[in-house]
Amino acid sequence: MIERHLMKLRARDEVDAEEEEAIRGTVAEVREYRSREVIVRSHRALETSNILLSGVACRQKDLSDGRRQITELHVDGDYTDLHSFTLKSLDHEVMALTDCTLAVIPHERLQEITRRFPHLTRVYWFATNLDAAIHREWALSLGRRNAAERMAHLFCELHVRLGLVGLVDGESYALALTQNDLAECLGLTSVHVNRTLMQLREDGLLEFRGGRVTIHDLPRLRALAEFDESYLYLERRRR
Amino acid sequence: MPHVHFHLNNAVGLVHDGEGQEAADLDEARAIAIENIRSILAEDVRHGLIDLSGRIEVTDGDGRLLLVVPFADAVTIRTDNAP
């Protein structure tokens with residue numbers, strides 16, 4: 001059930017059998033969410049966190065007139081809101097962008113993990129540091145990269161992150177997002193997203209069609225985005 | 001007309017919108033078109049270009065043309081020198 005979560009952890013650290021069993025034991029229940037359902041509301045007291053088992057979810061913040069910014073995408077195996085374990089509430093929402101299945105992890109069980117397994121505490125501390133690194137990279141994109149570079153960077157990031165959990169087939173991966181979802185990730189508008197997608201397609205870099213991204217020229221796509229995967233901390237080492 | 005499509009027609013060519021989005025009425029469709037044009041113009045300006053020759057064509061689900069919004073409608077142009 002949490003296979004992809006373990007794959008993701010093991011891509012960057014060692015998780016032994018006892019630790020694996022402890023992680024499996026944190027799951028209290030499994031919940032299904034429909035596309036567009038809010039998984040975690042902001043500014044509410046929270047006593048659980050969630051691991052995304054399948055689907056695409058996002059963290060988002062919005063302004064009173066409806067302008068919305070997605071600040072991170074989450075894919076299979078990610079904790080979507082491990083932060084609430086220490087924050088106790090979230091300053092943003094977590095929403096399902098596709099139908100999603102999530103494992104619910106009570107904070108009291110995480111408390112037990114931190115008490116019994118100092119190494120897993122560091123593994124999960126690393127996970128929240130990694131989210132922060134992804135946010136910094138998105139800030140660089142939103143502030144300084146142009147539309148094509150920004151979009152290229154997002155598709156490069158997802159290529160690596162989905163690859164870690166076995167969801168990349170050759171240079172192609174499923175991504176059931178709308179143009180508008182992409183617009184809200186990239187700080188653009190849907191027509192602008194459409195124009196930028198056409199530009200990347202005509203340059204022979206990638207295609208996004210029918211909920212699937214197919215990268216035609218990964219080296220050139222990475223060069224356009226100045227994608228440096230070091231911010232994803234892919235080294236497998238004891239944390 | 002809840003679901004409408006926003007096709008972009010400019011110097012680069014036609015960008016067909018197969019997906020579309022919701023708009024309550026023509027006023028909202030026009031507001032969405034204007035927002036999209038401004039996003040594109042803003043990007044072009046970062047590359048040193050102001051090209052107002054484009055337009056967005058709004059169609060319904062059957063491809064019927066509902067509205068044409070020229071890029072020039074999305075901005076006020078001021079070229080007189082500051083005093």
# chains A, B, ... in the order shown; residues from 1 in each chain; ligands from 1

$ closest_atom_pairs --of "chain B" --to "chain A" --cutoff "12 Å" --atoms "only C-alpha atoms" --output "Markdown table"
| residue | atom | partner | partner_atom | distance |
| --- | --- | --- | --- | --- |
| B:His5 | CA | A:Val191 | CA | 9.5 |
| B:Phe6 | CA | A:Val191 | CA | 6.8 |
| B:His7 | CA | A:Val191 | CA | 7.5 |
| B:Leu8 | CA | A:Val191 | CA | 7.1 |
| B:Asn9 | CA | A:Arg195 | CA | 10.0 |
| B:Asn10 | CA | A:Arg195 | CA | 10.2 |
| B:Ala11 | CA | A:Arg195 | CA | 11.8 |
| B:Val12 | CA | A:Arg195 | CA | 9.1 |
| B:Gly13 | CA | A:Arg195 | CA | 9.6 |
| B:Leu14 | CA | A:Arg195 | CA | 8.9 |
| B:Val15 | CA | A:Arg195 | CA | 6.1 |
| B:His16 | CA | A:Asn194 | CA | 8.0 |
| B:Asp17 | CA | A:Asn194 | CA | 7.2 |
| B:Gly18 | CA | A:Asn194 | CA | 9.5 |
| B:Glu19 | CA | A:Gln179 | CA | 7.6 |
| B:Gly20 | CA | A:Gln179 | CA | 8.8 |
| B:Gln21 | CA | A:Asn180 | CA | 8.3 |
| B:Glu22 | CA | A:Asn180 | CA | 11.0 |
| B:Ile32 | CA | A:Thr189 | CA | 9.0 |
| B:Ala33 | CA | A:Val191 | CA | 8.5 |
| B:Ile34 | CA | A:Thr189 | CA | 10.5 |
| B:Glu35 | CA | A:Thr189 | CA | 7.5 |
| B:Asn36 | CA | A:Thr189 | CA | 5.6 |
| B:Ile37 | CA | A:His192 | CA | 8.0 |
| B:Arg38 | CA | A:Thr189 | CA | 9.3 |
| B:Ser39 | CA | A:Leu188 | CA | 6.4 |
| B:Ile40 | CA | A:His192 | CA | 5.8 |
| B:Leu41 | CA | A:His192 | CA | 9.6 |
| B:Ala42 | CA | A:Leu188 | CA | 10.1 |
| B:Glu43 | CA | A:Ala147 | CA | 7.2 |
| B:Asp44 | CA | A:Asn146 | CA | 9.8 |
| B:Val45 | CA | A:Asn146 | CA | 11.1 |
| B:Arg46 | CA | A:Asn146 | CA | 8.2 |
| B:His47 | CA | A:Asn146 | CA | 9.1 |
| B:Arg55 | CA | A:Val191 | CA | 11.5 |
| B:Ile56 | CA | A:Val191 | CA | 9.0 |
| B:Glu57 | CA | A:Val191 | CA | 11.0 |
| B:Val58 | CA | A:Val191 | CA | 11.3 |

$ write_last_selection --atoms "C-alpha atoms" --output "short mmCIF file (atom, residue, chain, number, x, y, z; two decimals), in the first residue's frame"
data_model
loop_
_atom_site.label_atom_id
_atom_site.label_comp_id
_atom_site.auth_asym_id
_atom_site.auth_seq_id
_atom_site.Cartn_x
_atom_site.Cartn_y
_atom_site.Cartn_z
CA HIS B 5 -12.95 27.83 -25.60
CA PHE B 6 -10.33 30.53 -25.95
CA HIS B 7 -8.39 30.27 -29.19
CA LEU B 8 -5.34 32.45 -29.65
CA ASN B 9 -4.62 33.92 -33.04
CA ASN B 10 -1.47 35.98 -33.38
CA ALA B 11 1.76 36.37 -35.37
CA VAL B 12 2.96 32.97 -34.12
CA GLY B 13 -0.12 31.26 -35.58
CA LEU B 14 -3.29 29.73 -34.21
CA VAL B 15 -3.26 28.10 -30.78
CA HIS B 16 -6.39 25.99 -30.58
CA ASP B 17 -7.95 25.52 -27.13
CA GLY B 18 -9.32 21.99 -27.05
CA GLU B 19 -9.95 22.01 -23.32
CA GLY B 20 -11.91 25.20 -22.65
CA GLN B 21 -13.18 26.44 -19.32
CA GLU B 22 -16.31 27.67 -17.58
CA ILE B 32 -11.08 35.89 -19.03
CA ALA B 33 -9.87 36.71 -22.56
CA ILE B 34 -8.52 40.08 -21.38
CA GLU B 35 -6.66 38.44 -18.48
CA ASN B 36 -5.13 35.91 -20.87
CA ILE B 37 -4.06 38.63 -23.33
CA ARG B 38 -2.41 40.63 -20.56
CA SER B 39 -0.49 37.55 -19.38
CA ILE B 40 0.83 36.98 -22.91
CA LEU B 41 1.65 40.66 -23.49
CA ALA B 42 3.50 40.81 -20.17
CA GLU B 43 5.65 37.87 -21.23
CA ASP B 44 6.34 39.43 -24.64
CA VAL B 45 7.41 42.70 -23.02
CA ARG B 46 10.01 40.80 -20.97
CA HIS B 47 11.44 39.77 -24.33
CA ARG B 55 -6.77 38.34 -30.93
CA ILE B 56 -8.56 35.74 -28.85
CA GLU B 57 -11.58 34.07 -30.40
CA VAL B 58 -14.11 32.67 -27.97
#

$ closest_residue --among "A:Glu229, A:Glu207, A:Asp181, A:Asp78" --to "Ala127 in chain A" --atoms "only C-alpha atoms"
A:Asp78

$ select_by_dssp --residues "chain B" --states "strand (DSSP E or B)" --output "PyMOL selection string"
chain B and resi 3-10+13-15+21-22+55-60+65-70

$ residues_around --residues "Asp16 in chain A" --least-positions-apart "5" --cutoff "12 Å" --atoms "only C-alpha atoms" --output "list in words"
Leu6, Leu9, Arg10, Glu21, Ala22, Ile23, Phe117, His119, Leu120 and Arg238 of chain A

$ write_last_selection --atoms "C-alpha atoms" --output "PDB file, in the first residue's frame"
ATOM      1  CA  LEU A   6       9.054   3.443   0.779  1.00  0.00           C
ATOM      2  CA  LEU A   9      12.484   7.132   1.087  1.00  0.00           C
ATOM      3  CA  ARG A  10      14.872   4.405  -0.063  1.00  0.00           C
ATOM      4  CA  GLU A  21       7.282  -2.189   9.719  1.00  0.00           C
ATOM      5  CA  ALA A  22       7.049   0.854  11.995  1.00  0.00           C
ATOM      6  CA  ILE A  23       6.198   3.097   9.009  1.00  0.00           C
ATOM      7  CA  PHE A 117      13.324   5.669  15.794  1.00  0.00           C
ATOM      8  CA  HIS A 119      16.846   7.729  12.324  1.00  0.00           C
ATOM      9  CA  LEU A 120      13.296   7.819  10.905  1.00  0.00           C
ATOM     10  CA  ARG A 238      22.520   7.793   5.812  1.00  0.00           C
TER      11      ARG A 238
END

$ select_by_dssp --residues "range 111-217 of chain A" --states "alpha helix (DSSP H)" --output "ChimeraX atom specification"
/A:111-116,118-144,147-164,179-186,190-202

$ residues_around --residues "Leu82 in chain A" --least-positions-apart "5" --cutoff "10 Å" --atoms "only C-alpha atoms" --output "list in words"
Thr48, Ser49, Asn50, Ile51, Leu87, Ile105, His107, Leu110, Tyr124, Trp125, Ala127, Thr128 and Asp131 of chain A

$ write_last_selection --atoms "C-alpha atoms" --output "CSV table (one decimal), in the first residue's frame"
chain,number,residue,atom,x,y,z
A,48,THR,CA,-3.4,13.6,11.3
A,49,SER,CA,-1.1,13.9,8.3
A,50,ASN,CA,-1.5,12.2,4.9
A,51,ILE,CA,0.6,10.1,2.5
A,87,LEU,CA,2.7,23.1,12.8
A,105,ILE,CA,-1.4,9.0,9.7
A,107,HIS,CA,0.1,12.5,14.7
A,110,LEU,CA,4.3,9.9,14.3
A,124,TYR,CA,11.1,12.7,7.8
A,125,TRP,CA,13.0,15.8,8.8
A,127,ALA,CA,11.4,15.1,3.7
A,128,THR,CA,10.2,18.5,5.0
A,131,ASP,CA,9.7,20.3,0.3

$ closest_residue --among "B:Leu66, B:Ala72, B:Ala24, B:Ile77" --to "Ser53 in chain B" --atoms "only C-alpha atoms"
B:Ala72

$ atom_distance --atom1 "CA of Val69 in chain B" --atom2 "CA of Glu149 in chain A"
27.7 Å

$ atom_distance --atom1 "CA of His5 in chain A" --atom2 "CA of Asp217 in chain A"
28.9 Å

$ residues_around --residues "Val30 in chain A" --least-positions-apart "5" --cutoff "12 Å" --atoms "only C-alpha atoms" --output "ChimeraX atom specification"
/A:1-2,49-54,100-106

$ atom_distance --atom1 "CA of Ala74 in chain B" --atom2 "CA of Leu49 in chain B"
15.7 Å

$ residues_around --residues "Leu158 in chain A" --least-positions-apart "5" --cutoff "9 Å" --atoms "only C-alpha atoms" --output "list in words"
Leu73, Val75, His153, Gly163 and Tyr173 of chain A
